[in-house]
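Here is the file start.csv (CSV, C-alpha atoms).
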```csv
chain,number,residue,atom,x,y,z
L,1,MET,CA,-9.1,13.4,2.9
L,2,LYS,CA,-9.5,17.1,2.4
L,3,LYS,CA,-12.8,17.1,4.2
L,4,ILE,CA,-11.3,15.3,7.2
L,5,ALA,CA,-8.4,17.8,7.3
L,6,TYR,CA,-10.8,20.7,7.2
L,7,LEU,CA,-13.0,19.3,10.0
L,8,ALA,CA,-9.9,18.6,12.1
L,9,ARG,CA,-8.7,22.2,11.7
L,10,GLU,CA,-12.2,23.7,12.3
L,11,TYR,CA,-12.7,21.8,15.6
L,12,GLY,CA,-9.1,21.9,16.9
L,13,VAL,CA,-8.6,18.2,16.6
L,14,LEU,CA,-5.1,16.8,16.0
L,15,PHE,CA,-4.7,15.7,12.4
L,16,CYS,CA,-2.2,12.8,12.4
L,17,SER,CA,-1.0,10.9,9.3
L,18,ASP,CA,0.0,7.2,9.7
L,19,GLU,CA,2.8,6.8,7.2
L,20,VAL,CA,4.2,3.5,8.4
L,21,LYS,CA,3.3,1.9,5.1
L,22,ASN,CA,3.5,4.8,2.7
L,23,GLY,CA,6.2,7.1,4.0
L,24,TYR,CA,9.6,7.2,2.3
L,25,ARG,CA,8.3,5.1,-0.6
L,26,SER,CA,7.6,7.6,-3.4
L,27,VAL,CA,9.0,10.8,-1.8
L,28,ALA,CA,11.4,11.7,1.0
L,29,GLY,CA,8.8,11.8,3.7
L,30,SER,CA,5.1,12.0,3.2
L,31,ALA,CA,3.2,12.4,0.0
L,32,LEU,CA,0.2,13.9,2.0
L,33,PRO,CA,1.1,17.6,1.4
L,34,GLN,CA,1.2,16.9,-2.4
L,35,VAL,CA,-2.3,15.4,-2.2
L,36,LEU,CA,-3.9,17.8,0.2
L,37,GLY,CA,-1.9,20.9,-0.2
L,38,GLU,CA,-1.3,21.2,3.6
L,39,GLN,CA,0.6,19.5,6.4
L,40,ALA,CA,-0.6,17.2,9.1
L,41,ASP,CA,0.1,17.9,12.8
L,42,PHE,CA,2.1,14.7,13.2
L,43,TYR,CA,3.4,12.0,11.0
L,44,THR,CA,4.5,8.5,11.9
L,45,PHE,CA,7.3,6.8,9.9
L,46,ALA,CA,8.9,3.5,10.1
L,47,LYS,CA,9.4,0.8,7.5
L,48,GLY,CA,10.6,2.8,4.5
L,49,LEU,CA,12.9,5.0,6.6
L,50,CYS,CA,15.8,2.7,7.3
L,51,ASN,CA,15.5,-0.2,4.8
L,52,GLY,CA,13.8,-2.5,7.1
L,53,GLN,CA,15.7,-1.9,10.3
L,54,ARG,CA,13.8,-1.7,13.6
L,55,LEU,CA,13.0,2.0,13.8
L,56,SER,CA,10.0,4.3,14.0
L,57,CYS,CA,9.6,7.9,14.6
L,58,LEU,CA,7.1,10.7,15.2
L,59,VAL,CA,7.6,13.9,13.1
L,60,GLY,CA,5.9,17.2,13.3
L,61,PRO,CA,6.4,21.0,13.4
L,62,ALA,CA,8.6,22.3,16.2
L,63,ASP,CA,5.7,23.7,18.2
L,64,MET,CA,3.8,20.4,18.1
L,65,MET,CA,6.8,18.4,18.9
L,66,GLN,CA,7.5,20.6,21.9
L,67,LYS,CA,4.0,19.9,23.2
L,68,ALA,CA,4.6,16.1,22.8
L,69,LYS,CA,8.0,16.0,24.6
L,70,HIS,CA,6.5,14.6,27.8
L,71,MET,CA,4.7,11.7,26.1
L,72,THR,CA,5.8,8.3,27.2
L,73,TYR,CA,7.1,5.8,24.7
L,74,THR,CA,9.1,2.6,24.4
L,75,ALA,CA,12.3,2.4,22.5
L,76,TYR,CA,15.3,0.2,21.8
L,77,PHE,CA,18.5,2.1,22.4
L,78,ASP,CA,20.3,0.6,19.5
L,79,THR,CA,22.5,2.7,17.2
L,80,VAL,CA,22.3,0.3,14.2
L,81,PRO,CA,18.8,1.4,13.1
L,82,ILE,CA,19.9,5.1,13.3
L,83,VAL,CA,23.0,4.5,11.2
L,84,ALA,CA,21.0,2.4,8.7
L,85,ALA,CA,18.4,5.2,8.4
L,86,LEU,CA,21.0,7.8,7.7
L,87,ALA,CA,22.7,5.6,5.1
L,88,THR,CA,19.3,4.8,3.5
L,89,LEU,CA,18.3,8.4,3.3
L,90,LYS,CA,21.7,9.4,1.8
L,91,TYR,CA,21.6,6.6,-0.8
L,92,MET,CA,18.0,7.3,-1.8
L,93,HIS,CA,18.7,11.0,-2.2
L,94,ASN,CA,21.9,10.5,-4.2
L,95,GLU,CA,20.6,7.7,-6.4
L,96,ARG,CA,17.2,9.1,-7.2
L,97,GLY,CA,15.8,6.2,-5.2
L,98,TYR,CA,12.2,7.5,-4.7
L,99,GLU,CA,11.8,8.4,-8.4
L,100,ARG,CA,13.1,5.0,-9.4
L,101,LEU,CA,10.7,3.3,-7.0
L,102,ALA,CA,7.7,5.1,-8.4
L,103,THR,CA,8.8,4.5,-12.0
L,104,CYS,CA,9.5,0.8,-11.4
L,105,GLY,CA,6.1,0.3,-9.7
L,106,SER,CA,4.3,2.1,-12.5
L,107,MET,CA,6.0,-0.1,-15.1
L,108,LEU,CA,5.2,-3.3,-13.3
L,109,ALA,CA,1.6,-2.2,-12.8
L,110,ASN,CA,1.2,-1.4,-16.5
L,111,THR,CA,2.7,-4.7,-17.5
L,112,LEU,CA,0.4,-6.6,-15.2
L,113,ARG,CA,-2.7,-4.9,-16.5
L,114,ILE,CA,-1.7,-5.7,-20.1
L,115,LEU,CA,-1.2,-9.4,-19.2
L,116,ILE,CA,-4.5,-9.5,-17.4
L,117,ALA,CA,-6.4,-7.9,-20.3
L,118,GLN,CA,-4.9,-10.4,-22.7
L,119,THR,CA,-6.2,-13.3,-20.6
L,120,GLU,CA,-9.5,-11.6,-19.9
L,121,LEU,CA,-9.3,-12.4,-16.2
L,122,PRO,CA,-11.4,-10.4,-13.7
L,123,ILE,CA,-8.5,-9.1,-11.7
L,124,LYS,CA,-7.7,-5.5,-11.0
L,125,VAL,CA,-4.3,-4.1,-10.1
L,126,MET,CA,-4.6,-1.0,-7.9
L,127,GLY,CA,-1.8,1.5,-7.5
L,128,ASP,CA,0.9,2.9,-9.9
L,129,GLY,CA,3.8,3.3,-7.6
L,130,PRO,CA,5.8,1.5,-4.9
L,131,LEU,CA,2.7,-0.2,-3.4
L,132,LEU,CA,0.4,-2.4,-5.6
L,133,GLN,CA,-2.6,-4.5,-4.7
L,134,PHE,CA,-4.4,-7.3,-6.6
L,135,ILE,CA,-8.2,-7.5,-6.3
L,136,CYS,CA,-10.0,-10.5,-7.8
L,137,ALA,CA,-13.7,-10.7,-8.7
L,138,THR,CA,-14.4,-13.7,-6.5
L,139,PRO,CA,-13.0,-15.4,-3.3
L,140,GLU,CA,-12.4,-18.5,-5.4
L,141,LEU,CA,-10.2,-16.6,-7.9
L,142,ASP,CA,-8.5,-15.0,-4.9
L,143,GLU,CA,-7.4,-18.3,-3.6
L,144,ALA,CA,-6.4,-19.7,-7.0
L,145,PHE,CA,-4.4,-16.5,-7.8
L,146,TYR,CA,-2.2,-16.7,-4.7
L,147,THR,CA,-1.8,-20.4,-4.9
L,148,THR,CA,-0.8,-20.2,-8.5
L,149,CYS,CA,1.6,-17.4,-7.8
L,150,ALA,CA,3.3,-19.4,-5.1
L,151,LYS,CA,3.6,-22.3,-7.5
L,152,HIS,CA,5.6,-20.1,-9.9
L,153,CYS,CA,7.8,-18.8,-7.0
L,154,LEU,CA,6.0,-15.4,-6.7
L,155,LEU,CA,5.5,-15.1,-2.9
L,156,LEU,CA,2.9,-12.4,-2.3
L,157,TYR,CA,1.3,-11.0,0.8
L,158,LYS,CA,-2.2,-12.4,0.6
L,159,PHE,CA,-4.9,-9.7,0.5
L,160,ASP,CA,-2.4,-7.0,1.2
L,161,ASN,CA,-0.1,-4.5,-0.5
L,162,GLN,CA,2.8,-5.7,-2.6
L,163,ALA,CA,5.8,-3.5,-1.9
L,164,ILE,CA,8.2,-2.6,-4.7
L,165,SER,CA,11.9,-2.2,-3.9
L,166,LEU,CA,14.9,-1.1,-5.9
L,167,ALA,CA,15.8,-4.7,-6.3
L,168,THR,CA,12.6,-5.1,-8.3
L,169,GLU,CA,14.2,-3.1,-11.2
L,170,VAL,CA,16.6,-6.0,-11.8
L,171,VAL,CA,13.9,-8.7,-12.1
L,172,LEU,CA,11.2,-6.8,-14.1
L,173,THR,CA,11.6,-9.1,-17.1
L,174,GLU,CA,11.5,-12.2,-15.0
L,175,LEU,CA,8.4,-11.0,-13.1
L,176,GLU,CA,6.7,-10.5,-16.5
L,177,ILE,CA,7.5,-14.0,-17.5
L,178,ARG,CA,6.3,-15.6,-14.3
L,179,PHE,CA,3.1,-13.5,-14.0
L,180,LYS,CA,2.3,-14.4,-17.6
L,181,GLN,CA,2.5,-18.0,-16.7
L,182,VAL,CA,0.3,-17.4,-13.7
L,183,PHE,CA,-2.4,-15.6,-15.7
L,184,SER,CA,-2.3,-18.1,-18.5
L,185,GLU,CA,-2.8,-21.0,-16.1
L,186,LEU,CA,-5.7,-19.2,-14.3
L,187,ALA,CA,-7.4,-18.4,-17.7
L,188,GLN,CA,-7.8,-22.2,-18.2
L,189,HIS,CA,-10.1,-22.4,-15.3
L,190,PHE,CA,-11.6,-18.9,-15.0
L,191,SER,CA,-11.7,-17.7,-18.6
L,192,THR,CA,-15.5,-18.2,-18.6
L,193,GLN,CA,-15.7,-15.6,-15.9
L,194,HIS,CA,-14.2,-12.8,-18.0
L,195,GLN,CA,-17.6,-11.2,-18.1
L,196,ILE,CA,-17.6,-10.9,-14.3
L,197,HIS,CA,-16.2,-7.6,-13.2
L,198,VAL,CA,-14.4,-6.7,-10.0
L,199,SER,CA,-17.3,-5.0,-8.2
L,200,ILE,CA,-17.1,-1.8,-6.3
L,201,GLU,CA,-17.9,-3.8,-3.2
L,202,ARG,CA,-14.8,-5.9,-3.7
L,203,GLN,CA,-12.7,-2.8,-4.2
L,204,MET,CA,-14.2,-1.2,-1.1
L,205,GLU,CA,-13.6,-4.3,0.9
L,206,ALA,CA,-9.9,-4.4,-0.1
L,207,ALA,CA,-9.5,-0.7,0.7
L,208,PHE,CA,-11.2,-1.2,4.1
L,209,ASN,CA,-8.9,-4.1,5.0
L,210,MET,CA,-5.9,-1.8,4.4
L,211,ILE,CA,-7.0,0.4,7.3
L,212,ASP,CA,-5.0,-1.4,10.0
L,213,GLY,CA,-7.4,-2.5,12.8
L,214,ALA,CA,-10.6,-1.6,10.9
L,215,SER,CA,-11.5,-5.2,10.2
L,216,ASP,CA,-11.0,-6.0,13.9
L,217,VAL,CA,-13.9,-3.6,14.7
L,218,MET,CA,-16.3,-5.0,12.1
L,219,PRO,CA,-16.2,-7.0,8.9
L,220,ALA,CA,-15.8,-5.1,5.7
L,221,ALA,CA,-19.3,-6.1,4.5
L,222,ASP,CA,-20.9,-4.6,7.6
L,223,ALA,CA,-18.9,-1.4,7.2
L,224,ILE,CA,-20.0,-1.0,3.6
L,225,HIS,CA,-23.6,-1.6,4.5
L,226,TRP,CA,-23.3,1.0,7.3
L,227,LEU,CA,-21.8,3.5,5.0
L,228,GLN,CA,-24.5,3.0,2.3
L,229,ARG,CA,-27.2,3.2,4.9
L,230,TYR,CA,-26.0,6.4,6.6
L,231,ALA,CA,-24.5,8.1,3.6
L,232,ILE,CA,-25.6,11.8,3.3
```
Transcribe the structure of this file into structure tokens.
Amino acid sequence: MKKIAYLAREYGVLFCSDEVKNGYRSVAGSALPQVLGEQADFYTFAKGLCNGQRLSCLVGPADMMQKAKHMTYTAYFDTVPIVAALATLKYMHNERGYERLATCGSMLANTLRILIAQTELPIKVMGDGPLLQFICATPELDEAFYTTCAKHCLLLYKFDNQAISLATEVVLTELEIRFKQVFSELAQHFSTQHQIHVSIERQMEAAFNMIDGASDVMPAADAIHWLQRYAI
């Protein structure tokens, strides 16, 4: 990320950060400056900004926004999302919402890792904050995992991020009980696979598929092969 930012600055290329998934989840805005130590030229925010209401926005320094003022766009001229965004921002600020989201996600991730270790299942939990992701060692375990979760009323986004909300705080104990049932059930069929690890290829594939549109260009396996072949 730092290298990308450096190259963008060196060659005068706009450095834009897509924060539709990540923005307003762990901090009020983007966590990018904390990671890189510098700002992007533009940020796009949406889902976390207004508690799910239909709203998105482009944010940047005043001089950059001035240059973008003639850009065309589509918009719904509805005041409800604006009011919802203001109410959400106020609530999250006053109630330490971002701090609570990060803490809740970290607690859930830690609990899940302990349960997985106890059953010796080859599943990794990636992330320690408001976005978590499950990565299984094999496609067969993938399918069994999501099917078993649904059986125990844990409705997850398959092969995608699992988003933590403030409502998750209230059901942490119940989540632990249900996931414990899931992992115990899976261990009956996949316990012999506990020596199989979640490979770096599986982790790279999961990360690649999180780049919206990347898998439309080429399959993850081909992308990994290309990166390995042309790595400097």
Query - Counting only C-alpha atoms, the residue of L:Tyr98, L:Ala137, L:Gln53, L:His197 that sits nearest L:Ala31 - result: L:Tyr98
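Put simply, atom CA of L:Leu86 is 16.1 Å away from atom CA of L:Leu58.
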Requested in this report: Could you give me, as a ChimeraX atom specification, the residues within 9 Å of stretch 148-163 of chain L, counting only C-alpha atoms and dropping anything in the same chain fewer than 2 positions from it?
Outcome: /L:105,130-135,142-146,165,175,178-179,181-183,185-186,206,209-210
Report summary line: One residue among L:Gln228, L:Ser184, L:Thr103, L:Asn110 is nearest to L:Gly129 when using all atoms listed in the file, and that residue is L:Thr103
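Straight-line separation from atom CA of L:Tyr43 to atom CA of L:Gly60: 6.2 Å.
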Query raised in the report: Suppose you want the space between atom CA of L:Leu89 and atom CA of L:Val170; what is it in Å?
Result: 20.9 Å
Query - Pick from L:Ile164, L:Gly29, L:Leu55, L:Ala207 nearest to L:His93, counting all atoms listed in the file - result: L:Gly29
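The residue that comes closest to L:Gln203, out of L:Ile123, L:Ala8, L:Val171, L:Ile177 and on the basis of all atoms listed in the file, is L:Ile123.
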Query raised in the report: Can you list, as a ChimeraX atom specification, every protein, DNA or RNA residue that comes within 9 Å of L:Cys16 when you count all atoms listed in the file, leaving out same-chain residues fewer than 5 positions away?
Result: /L:40-44
Query - Point (-8.7, -7.8, -19.1) neighbourhood (12 Å, only C-alpha atoms) written as a ChimeraX atom specification - result: /L:111-125,136-137,183,187,191,193-198
Query raised in the report: Residues at most 7 Å from stretch 24-28 of chain L, counting only C-alpha atoms, excluding those fewer than 5 positions away in the same chain, as a ChimeraX atom specification?
Result: /L:48-49,98-99,101-102,130
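Proximity ranking of L:Lys47, L:Leu108, L:Asp63, L:Lys69 relative to L:Thr88 places L:Lys47 first, based on all atoms listed in the file.
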